[in-house]
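Below is one structure; the comments refer to it alone.
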Amino acid sequence: MTQHMMLQVQDLSKTFTLHTQGGATLPVFDGVNLAVGAGQCIALTGASGAGKSTLLRSLYANYRPSSGQVLVRHREAMVDLTGAEPRLQLEIRRETIGYVSQFLRVIPRIPAEGIVAEAAVAGGMDAAQALDAARALLRRLNLPERLWSVPPATFSGGEQQRVNIARGLIRSFPVLLLDEPTASLDAENRNVAVALIMEAKAKGAAIVAICHDETVRAEIADAVFDVSAFQVAA
Amino acid sequence: MSDAPLLEAEGVSHTYAGGQVGCADVGFTLYPGEVLGIVGESGSGKSTLLSCLSGALPPSRGRVRFAVRGQGMQDVFKLSEPERRLLMRTDWGIVHQNPRDGLRMSVSAGGNVGERLMAVGARHYGDIRSEALDWLGRVEIDAERVDHLPRTFSGGMQQRTQIARILVSQPRLVFMDEPTGGLDVSVQARLLDLLRGLVRDLGVAAVVVTHDLAVVRLLSDRLMVMRQGRVVESGLTDQVLDDPQHPYSQLLVSSVLQA
């Protein structure tokens with residue numbers, strides 16, 4: 001591959017041990033190798049329960065893999081995220097890897113525009129500029145202006161997801177992990193989300209996405225990666 | 001990323017007279033601006049640990065070091081009494097679970113906040129008053145209540161006044177012991193949101209002890225789970241909560257009721 005390597009997964013495996021269930025083990029995947037270059041988008045596929053979300057969360061150090069490495073290009077060097085000190089993991093999340101989860105984690109009392117702007121401020125943008133950028137993005141995602149100053153707890157699923165997408169894409173992360181970014185969106189907003197993802201790609205983001213919508217997948221993904229091929233025989 | 005640690009605990013252990021283990025062999029490094037959560041059930045040793053960390057209780061073994069301005073890492077329990085008291089008034093703040101332990105109930109809210117400024121040498125009455133007003137405003141205490149005694153305040157208002165009193169001296173490290181304990185849920189949300197904004201905007205480092213997992217999810221970057229005086233698991237907060245490894249952490253996380 002001639003592309004600039006951004007993310008390299010080496011021999012990754014994940015098994016859950018459920019101590020509250022008498023120590024039962026739940027193997028999810030084993031021996032995963034995956035490489036993603038700058039400007040490339042890989043879509044994870046496999047049936048429900050195949051381990052797509054587990055893999056994606058492992059790439060963000062949200063889940064701790066049982067063995068193997070997740071190498072990510074951080075400050076020009078490939079760093080093993082899995083084995084890194086917590087402080088370095090936090091720095092990598094702050095600067096290098098963005099994650100758009102399936103559901104928005106609502107924070108009491110913080111308005112929608114604040115939730116989005118905060119992500120930009122965390123990346124070093126000044127507060128006023130971040131708020132402008134947040135509003136521009138929410139406008140583009142057709143979130144009614146009267147909702148911008150309201151905490152999203154009472155929003156519909158689709159409205160929350162648009163806030164979530166805006167939050168994840170307000171910055172240009174070099175690596176982006178997307179978990180069903182368009183699942184609860186109507187056709188018009190799905191198109192906006194796809195356009196935003198394509199813009200991130202064009203800026204060089206390496207993207208790993210879970211996306212059940214085949215049309216969206218075909219639009220954004222350069223290749224698919226079938227996680228079920230790495231399932232451990234039960 | 002700042003490379004100099006702010007607080008360092010090494011093998012911190014405390015055994016009470018009678019042989020009861022408070023905490024055993026706890027170690028971690030905290031950097032400027034980081035928020036560390038400590039969770040565990042009552043009796044797990046988290047409050048004992050907090051007392052050791054904040055200079056209130058000398059550990060039986062191990063040491064606690066803090067980056068004292070201009071002096072580098074210093075053993076907290078080897079500082080002279082005046083040095084330690086100065087630290088408590090300036091670079092450190094302790095948010096007590098019961099605001100009565102952190103406030104003077106017979107002094108007005110404004111006085112409580114201004115007092116801490118005077119302790120670090122402020123003398124100009126007008127300046128002290130306007131700064132106290134500013135901080136009470138930031139913790140959402142109405143200006144017309146500034147001259148009232150904290151004992152006329154609700155629990156939530158007392159807690160916010162306590163926080164203003166601490167933050168006015170612009171500490172670099174804040175210890176919080178169950179900061180939302182005993183407050184109504186709606187009041188908790190407001191306080192948490194406030195604390196979260198303050199640690200983000202001011203870049204204050206904090207050690208937060210709580211039994212409430214939602215509190216650490218919102219406030220802390222990193223998390224330690226304690227049981228029977230020992231740290232059984234540590235990591236990024238979301239790691240420990242979403243993929244707990246230790247049997248006790250798994251039990252703790254799975255025991256939370258979903259509202």
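In the structure tokens, chains take letters A, B, ... by order of appearance, with residues numbered from 1 within each chain and ligands from 1 in the order shown.
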
Write down as a short mmCIF file (atom, residue, chain, number, x, y, z; two decimals) with all heavy atoms, in the first residue's frame the residues belonging to range 18-74 of chain A that are assigned strand (DSSP E or B) by DSSP computed on the backbone.
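Saved file states-v5.cif follows:
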```cif
data_model
loop_
_atom_site.label_atom_id
_atom_site.label_comp_id
_atom_site.auth_asym_id
_atom_site.auth_seq_id
_atom_site.Cartn_x
_atom_site.Cartn_y
_atom_site.Cartn_z
N LEU A 18 -16.59 -13.15 32.28
CA LEU A 18 -17.70 -12.66 33.07
C LEU A 18 -17.64 -13.24 34.47
O LEU A 18 -18.14 -14.34 34.73
CB LEU A 18 -19.03 -13.02 32.39
CG LEU A 18 -19.13 -12.63 30.92
CD1 LEU A 18 -20.43 -13.15 30.32
CD2 LEU A 18 -19.02 -11.13 30.74
N ALA A 24 -17.45 -17.32 33.34
CA ALA A 24 -17.64 -17.75 31.95
C ALA A 24 -16.82 -16.88 31.01
O ALA A 24 -16.69 -15.68 31.23
CB ALA A 24 -19.12 -17.66 31.59
N THR A 25 -16.26 -17.48 29.97
CA THR A 25 -15.54 -16.68 28.99
C THR A 25 -16.36 -16.57 27.71
O THR A 25 -17.10 -17.48 27.35
CB THR A 25 -14.16 -17.28 28.65
OG1 THR A 25 -14.37 -18.61 28.17
CG2 THR A 25 -13.27 -17.29 29.87
N LEU A 26 -16.20 -15.41 27.07
CA LEU A 26 -16.96 -15.11 25.88
C LEU A 26 -15.98 -14.62 24.81
O LEU A 26 -15.70 -13.44 24.72
CB LEU A 26 -17.94 -13.98 26.25
CG LEU A 26 -19.22 -13.88 25.45
CD1 LEU A 26 -20.14 -15.03 25.76
CD2 LEU A 26 -19.90 -12.54 25.77
N PRO A 27 -15.45 -15.54 24.03
CA PRO A 27 -14.49 -15.12 23.01
C PRO A 27 -15.23 -14.36 21.90
O PRO A 27 -16.31 -14.78 21.50
CB PRO A 27 -13.91 -16.43 22.47
CG PRO A 27 -14.65 -17.53 23.13
CD PRO A 27 -15.73 -16.98 24.00
N VAL A 28 -14.67 -13.24 21.45
CA VAL A 28 -15.34 -12.47 20.41
C VAL A 28 -14.60 -12.60 19.08
O VAL A 28 -15.17 -13.04 18.09
CB VAL A 28 -15.46 -10.98 20.80
CG1 VAL A 28 -16.29 -10.23 19.76
CG2 VAL A 28 -16.10 -10.85 22.17
N PHE A 29 -13.33 -12.20 19.05
CA PHE A 29 -12.55 -12.39 17.82
C PHE A 29 -11.11 -12.69 18.19
O PHE A 29 -10.68 -12.44 19.31
CB PHE A 29 -12.66 -11.17 16.89
CG PHE A 29 -12.34 -9.85 17.54
CD1 PHE A 29 -11.03 -9.50 17.84
CD2 PHE A 29 -13.36 -8.96 17.85
CE1 PHE A 29 -10.74 -8.28 18.45
CE2 PHE A 29 -13.08 -7.73 18.46
CZ PHE A 29 -11.76 -7.40 18.75
N ASP A 30 -10.41 -13.19 17.19
CA ASP A 30 -9.03 -13.59 17.43
C ASP A 30 -8.22 -13.38 16.15
O ASP A 30 -8.71 -13.66 15.06
CB ASP A 30 -9.00 -15.07 17.86
CG ASP A 30 -7.60 -15.51 18.25
OD1 ASP A 30 -6.85 -14.69 18.82
OD2 ASP A 30 -7.26 -16.68 17.99
N GLY A 31 -7.01 -12.86 16.28
CA GLY A 31 -6.11 -12.74 15.13
C GLY A 31 -6.51 -11.70 14.11
O GLY A 31 -6.29 -11.89 12.91
N VAL A 32 -7.08 -10.59 14.55
CA VAL A 32 -7.48 -9.56 13.60
C VAL A 32 -6.27 -8.72 13.17
O VAL A 32 -5.52 -8.21 14.01
CB VAL A 32 -8.56 -8.63 14.21
CG1 VAL A 32 -8.79 -7.41 13.31
CG2 VAL A 32 -9.85 -9.38 14.43
N ASN A 33 -6.07 -8.63 11.86
CA ASN A 33 -5.07 -7.74 11.29
C ASN A 33 -5.76 -6.80 10.33
O ASN A 33 -6.55 -7.25 9.50
CB ASN A 33 -3.99 -8.54 10.54
CG ASN A 33 -3.11 -9.32 11.51
OD1 ASN A 33 -2.25 -8.75 12.19
ND2 ASN A 33 -3.33 -10.62 11.60
N LEU A 34 -5.48 -5.53 10.48
CA LEU A 34 -6.19 -4.55 9.66
C LEU A 34 -5.31 -3.31 9.53
O LEU A 34 -4.69 -2.89 10.51
CB LEU A 34 -7.52 -4.19 10.36
CG LEU A 34 -8.35 -3.03 9.84
CD1 LEU A 34 -8.89 -3.35 8.45
CD2 LEU A 34 -9.52 -2.75 10.78
N ALA A 35 -5.24 -2.76 8.32
CA ALA A 35 -4.45 -1.55 8.13
C ALA A 35 -5.30 -0.51 7.42
O ALA A 35 -6.03 -0.83 6.49
CB ALA A 35 -3.20 -1.86 7.29
N VAL A 36 -5.26 0.72 7.89
CA VAL A 36 -6.03 1.79 7.26
C VAL A 36 -5.11 2.97 6.98
O VAL A 36 -4.39 3.44 7.87
CB VAL A 36 -7.19 2.26 8.18
CG1 VAL A 36 -8.14 3.15 7.40
CG2 VAL A 36 -7.93 1.09 8.80
N GLY A 37 -5.14 3.41 5.73
CA GLY A 37 -4.28 4.52 5.32
C GLY A 37 -5.02 5.84 5.37
O GLY A 37 -6.26 5.88 5.47
N CYS A 41 -11.40 4.63 3.83
CA CYS A 41 -12.49 4.25 4.74
C CYS A 41 -12.76 2.75 4.63
O CYS A 41 -13.01 2.24 3.55
CB CYS A 41 -13.77 5.02 4.42
SG CYS A 41 -15.18 4.50 5.44
N ILE A 42 -12.66 2.07 5.77
CA ILE A 42 -12.94 0.63 5.83
C ILE A 42 -14.26 0.45 6.58
O ILE A 42 -14.44 0.99 7.66
CB ILE A 42 -11.84 -0.11 6.63
CG1 ILE A 42 -10.45 0.16 6.06
CG2 ILE A 42 -12.15 -1.61 6.72
CD1 ILE A 42 -10.10 -0.63 4.84
N ALA A 43 -15.17 -0.32 5.98
CA ALA A 43 -16.44 -0.61 6.67
C ALA A 43 -16.37 -2.00 7.29
O ALA A 43 -15.99 -2.96 6.62
CB ALA A 43 -17.60 -0.53 5.69
N LEU A 44 -16.71 -2.08 8.57
CA LEU A 44 -16.74 -3.38 9.23
C LEU A 44 -18.08 -4.04 8.94
O LEU A 44 -19.12 -3.41 9.06
CB LEU A 44 -16.56 -3.22 10.74
CG LEU A 44 -15.30 -2.50 11.22
CD1 LEU A 44 -15.28 -2.45 12.75
CD2 LEU A 44 -14.04 -3.18 10.70
N THR A 45 -18.05 -5.30 8.54
CA THR A 45 -19.30 -6.02 8.30
C THR A 45 -19.32 -7.30 9.11
O THR A 45 -18.32 -7.67 9.73
CB THR A 45 -19.47 -6.37 6.81
OG1 THR A 45 -18.36 -7.16 6.40
CG2 THR A 45 -19.54 -5.12 5.95
N SER A 67 -5.20 -9.55 23.63
CA SER A 67 -3.83 -9.58 23.15
C SER A 67 -3.76 -8.86 21.81
O SER A 67 -4.79 -8.59 21.20
CB SER A 67 -3.33 -11.03 23.01
OG SER A 67 -4.11 -11.70 22.04
N GLY A 68 -2.54 -8.57 21.37
CA GLY A 68 -2.35 -7.87 20.12
C GLY A 68 -2.16 -6.38 20.32
O GLY A 68 -2.14 -5.90 21.46
N GLN A 69 -2.02 -5.66 19.21
CA GLN A 69 -1.71 -4.23 19.28
C GLN A 69 -2.62 -3.42 18.36
O GLN A 69 -3.07 -3.89 17.33
CB GLN A 69 -0.27 -4.00 18.80
CG GLN A 69 0.79 -4.53 19.74
CD GLN A 69 2.16 -4.06 19.32
OE1 GLN A 69 2.48 -4.07 18.13
NE2 GLN A 69 2.96 -3.64 20.28
N VAL A 70 -2.84 -2.19 18.78
CA VAL A 70 -3.49 -1.20 17.92
C VAL A 70 -2.49 -0.06 17.76
O VAL A 70 -2.27 0.71 18.68
CB VAL A 70 -4.79 -0.67 18.56
CG1 VAL A 70 -5.39 0.45 17.70
CG2 VAL A 70 -5.81 -1.79 18.74
N LEU A 71 -1.85 -0.03 16.60
CA LEU A 71 -0.87 1.02 16.36
C LEU A 71 -1.55 2.18 15.66
O LEU A 71 -2.29 1.98 14.69
CB LEU A 71 0.28 0.50 15.49
CG LEU A 71 1.08 -0.66 16.09
CD1 LEU A 71 2.03 -1.24 15.05
CD2 LEU A 71 1.85 -0.20 17.32
N VAL A 72 -1.30 3.38 16.13
CA VAL A 72 -1.93 4.54 15.52
C VAL A 72 -0.87 5.62 15.32
O VAL A 72 0.04 5.76 16.14
CB VAL A 72 -3.11 5.04 16.39
CG1 VAL A 72 -2.66 5.37 17.81
CG2 VAL A 72 -3.79 6.23 15.77
N ARG A 73 -0.97 6.33 14.18
CA ARG A 73 0.03 7.38 13.93
C ARG A 73 -0.35 8.60 14.77
O ARG A 73 -1.37 9.24 14.54
CB ARG A 73 0.08 7.76 12.45
CG ARG A 73 1.18 8.78 12.14
CD ARG A 73 1.35 9.01 10.64
NE ARG A 73 1.71 7.79 9.93
CZ ARG A 73 2.94 7.27 9.90
NH1 ARG A 73 3.92 7.87 10.52
NH2 ARG A 73 3.17 6.16 9.24
N HIS A 74 0.49 8.88 15.74
CA HIS A 74 0.23 9.98 16.66
C HIS A 74 1.49 10.82 16.73
O HIS A 74 2.56 10.31 17.04
CB HIS A 74 -0.13 9.42 18.04
CG HIS A 74 -0.28 10.46 19.11
ND1 HIS A 74 -1.27 11.41 19.08
CD2 HIS A 74 0.47 10.72 20.22
CE1 HIS A 74 -1.15 12.20 20.15
NE2 HIS A 74 -0.10 11.81 20.84
#
```

Set out as JSON lines a contact list for chain A and chain B with a cut-off of 12 Å, giving each residue of chain A that qualifies its closest atom pair and distance in Å to one decimal, counting only C-alpha atoms, ordered by chain and rising residue number.
```
{"residue": "A:Lys14", "atom": "CA", "partner": "B:Asp243", "partner_atom": "CA", "distance": 11.0}
{"residue": "A:Thr15", "atom": "CA", "partner": "B:Gln245", "partner_atom": "CA", "distance": 10.8}
{"residue": "A:Phe16", "atom": "CA", "partner": "B:Gln245", "partner_atom": "CA", "distance": 8.4}
{"residue": "A:Thr17", "atom": "CA", "partner": "B:Gln245", "partner_atom": "CA", "distance": 7.5}
{"residue": "A:Leu18", "atom": "CA", "partner": "B:Gln250", "partner_atom": "CA", "distance": 7.8}
{"residue": "A:His19", "atom": "CA", "partner": "B:Pro247", "partner_atom": "CA", "distance": 5.1}
{"residue": "A:Thr20", "atom": "CA", "partner": "B:Leu251", "partner_atom": "CA", "distance": 6.4}
{"residue": "A:Gln21", "atom": "CA", "partner": "B:Pro247", "partner_atom": "CA", "distance": 9.9}
{"residue": "A:Gly22", "atom": "CA", "partner": "B:Pro247", "partner_atom": "CA", "distance": 9.8}
{"residue": "A:Gly23", "atom": "CA", "partner": "B:Pro247", "partner_atom": "CA", "distance": 8.7}
{"residue": "A:Ala24", "atom": "CA", "partner": "B:Pro247", "partner_atom": "CA", "distance": 11.7}
{"residue": "A:Thr25", "atom": "CA", "partner": "B:Gln245", "partner_atom": "CA", "distance": 11.9}
{"residue": "A:Thr54", "atom": "CA", "partner": "B:Asp243", "partner_atom": "CA", "distance": 10.1}
{"residue": "A:Arg57", "atom": "CA", "partner": "B:Gln239", "partner_atom": "CA", "distance": 9.6}
{"residue": "A:Ser58", "atom": "CA", "partner": "B:Gln239", "partner_atom": "CA", "distance": 9.7}
{"residue": "A:Leu59", "atom": "CA", "partner": "B:Gln239", "partner_atom": "CA", "distance": 12.0}
{"residue": "A:Tyr60", "atom": "CA", "partner": "B:Gln239", "partner_atom": "CA", "distance": 9.7}
{"residue": "A:Ala61", "atom": "CA", "partner": "B:Gln239", "partner_atom": "CA", "distance": 7.0}
{"residue": "A:Asn62", "atom": "CA", "partner": "B:Gln239", "partner_atom": "CA", "distance": 4.7}
{"residue": "A:Tyr63", "atom": "CA", "partner": "B:Asp243", "partner_atom": "CA", "distance": 5.4}
{"residue": "A:Arg64", "atom": "CA", "partner": "B:Asp243", "partner_atom": "CA", "distance": 7.0}
{"residue": "A:Pro65", "atom": "CA", "partner": "B:Asp243", "partner_atom": "CA", "distance": 9.8}
{"residue": "A:Ser66", "atom": "CA", "partner": "B:Gln245", "partner_atom": "CA", "distance": 10.5}
{"residue": "A:Thr82", "atom": "CA", "partner": "B:Gln239", "partner_atom": "CA", "distance": 11.3}
{"residue": "A:Gly83", "atom": "CA", "partner": "B:Gly235", "partner_atom": "CA", "distance": 11.3}
{"residue": "A:Ala84", "atom": "CA", "partner": "B:Gly235", "partner_atom": "CA", "distance": 10.7}
{"residue": "A:Glu85", "atom": "CA", "partner": "B:Gly235", "partner_atom": "CA", "distance": 8.8}
{"residue": "A:Pro86", "atom": "CA", "partner": "B:Leu236", "partner_atom": "CA", "distance": 6.1}
{"residue": "A:Arg87", "atom": "CA", "partner": "B:Tyr31", "partner_atom": "CA", "distance": 8.5}
{"residue": "A:Leu88", "atom": "CA", "partner": "B:Met1", "partner_atom": "CA", "distance": 8.7}
{"residue": "A:Gln89", "atom": "CA", "partner": "B:Leu236", "partner_atom": "CA", "distance": 8.2}
{"residue": "A:Leu90", "atom": "CA", "partner": "B:Asp221", "partner_atom": "CA", "distance": 7.9}
{"residue": "A:Glu91", "atom": "CA", "partner": "B:Met1", "partner_atom": "CA", "distance": 7.4}
{"residue": "A:Ile92", "atom": "CA", "partner": "B:Met1", "partner_atom": "CA", "distance": 10.7}
{"residue": "A:Arg93", "atom": "CA", "partner": "B:Leu236", "partner_atom": "CA", "distance": 11.2}
{"residue": "A:Arg94", "atom": "CA", "partner": "B:Met1", "partner_atom": "CA", "distance": 10.6}
{"residue": "A:Glu95", "atom": "CA", "partner": "B:Met1", "partner_atom": "CA", "distance": 10.9}
{"residue": "A:Arg105", "atom": "CA", "partner": "B:Leu218", "partner_atom": "CA", "distance": 10.0}
{"residue": "A:Val106", "atom": "CA", "partner": "B:Leu218", "partner_atom": "CA", "distance": 10.2}
{"residue": "A:Ile107", "atom": "CA", "partner": "B:Leu218", "partner_atom": "CA", "distance": 7.9}
{"residue": "A:Pro108", "atom": "CA", "partner": "B:Ala189", "partner_atom": "CA", "distance": 6.2}
{"residue": "A:Arg109", "atom": "CA", "partner": "B:Asp193", "partner_atom": "CA", "distance": 7.1}
{"residue": "A:Ile110", "atom": "CA", "partner": "B:Asp193", "partner_atom": "CA", "distance": 7.9}
{"residue": "A:Pro111", "atom": "CA", "partner": "B:Asp193", "partner_atom": "CA", "distance": 11.7}
{"residue": "A:Gly114", "atom": "CA", "partner": "B:Gly197", "partner_atom": "CA", "distance": 11.4}
{"residue": "A:Ile115", "atom": "CA", "partner": "B:Gly197", "partner_atom": "CA", "distance": 11.9}
{"residue": "A:Glu118", "atom": "CA", "partner": "B:Arg200", "partner_atom": "CA", "distance": 10.0}
{"residue": "A:Ala119", "atom": "CA", "partner": "B:Arg200", "partner_atom": "CA", "distance": 11.9}
{"residue": "A:Val121", "atom": "CA", "partner": "B:Arg200", "partner_atom": "CA", "distance": 10.1}
{"residue": "A:Ala122", "atom": "CA", "partner": "B:Arg200", "partner_atom": "CA", "distance": 9.0}
{"residue": "A:Asp126", "atom": "CA", "partner": "B:Asp201", "partner_atom": "CA", "distance": 11.7}
{"residue": "A:Ala127", "atom": "CA", "partner": "B:Asp201", "partner_atom": "CA", "distance": 10.6}
```

Q. Neighbours of Val12 in chain B within 9 Å (only C-alpha atoms; same-chain residues fewer than 3 positions away dropped), as a VMD selection string?
A. chain B and resid 9 23 to 27 49 52 to 53 59 to 64

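Minimum atom-to-atom distance to Ala109 in chain B, evaluated using only C-alpha atoms, belongs to B:Glu144 out of B:Asp3, B:Glu144, B:Asp127, B:Asp212.
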
(Q) To one decimal place in Å, what is the distance between CA of His212 in chain A and CA of Ala47 in chain A? (A) 9.7 Å

Q: Skip Gly204 in chain A itself and residues of its chain fewer than 5 positions away, then list as a VMD selection string all residues within 8 Å of it, counting only C-alpha atoms.
A: chain A and resid 38 to 40 174

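Minimum atom-to-atom distances from B:Met73, B:Ala205, B:Ala132, B:Leu7 to Gly33 in chain B were compared using only C-alpha atoms, and the lowest value belongs to B:Ala205.
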
Q: Would you list, as a ChimeraX atom specification, the residues of range 6-213 of chain A that end up in alpha helix (DSSP H) under DSSP run on this structure's backbone?
A: /A:52-59,86-95,112-122,127-140,157-169,187-202
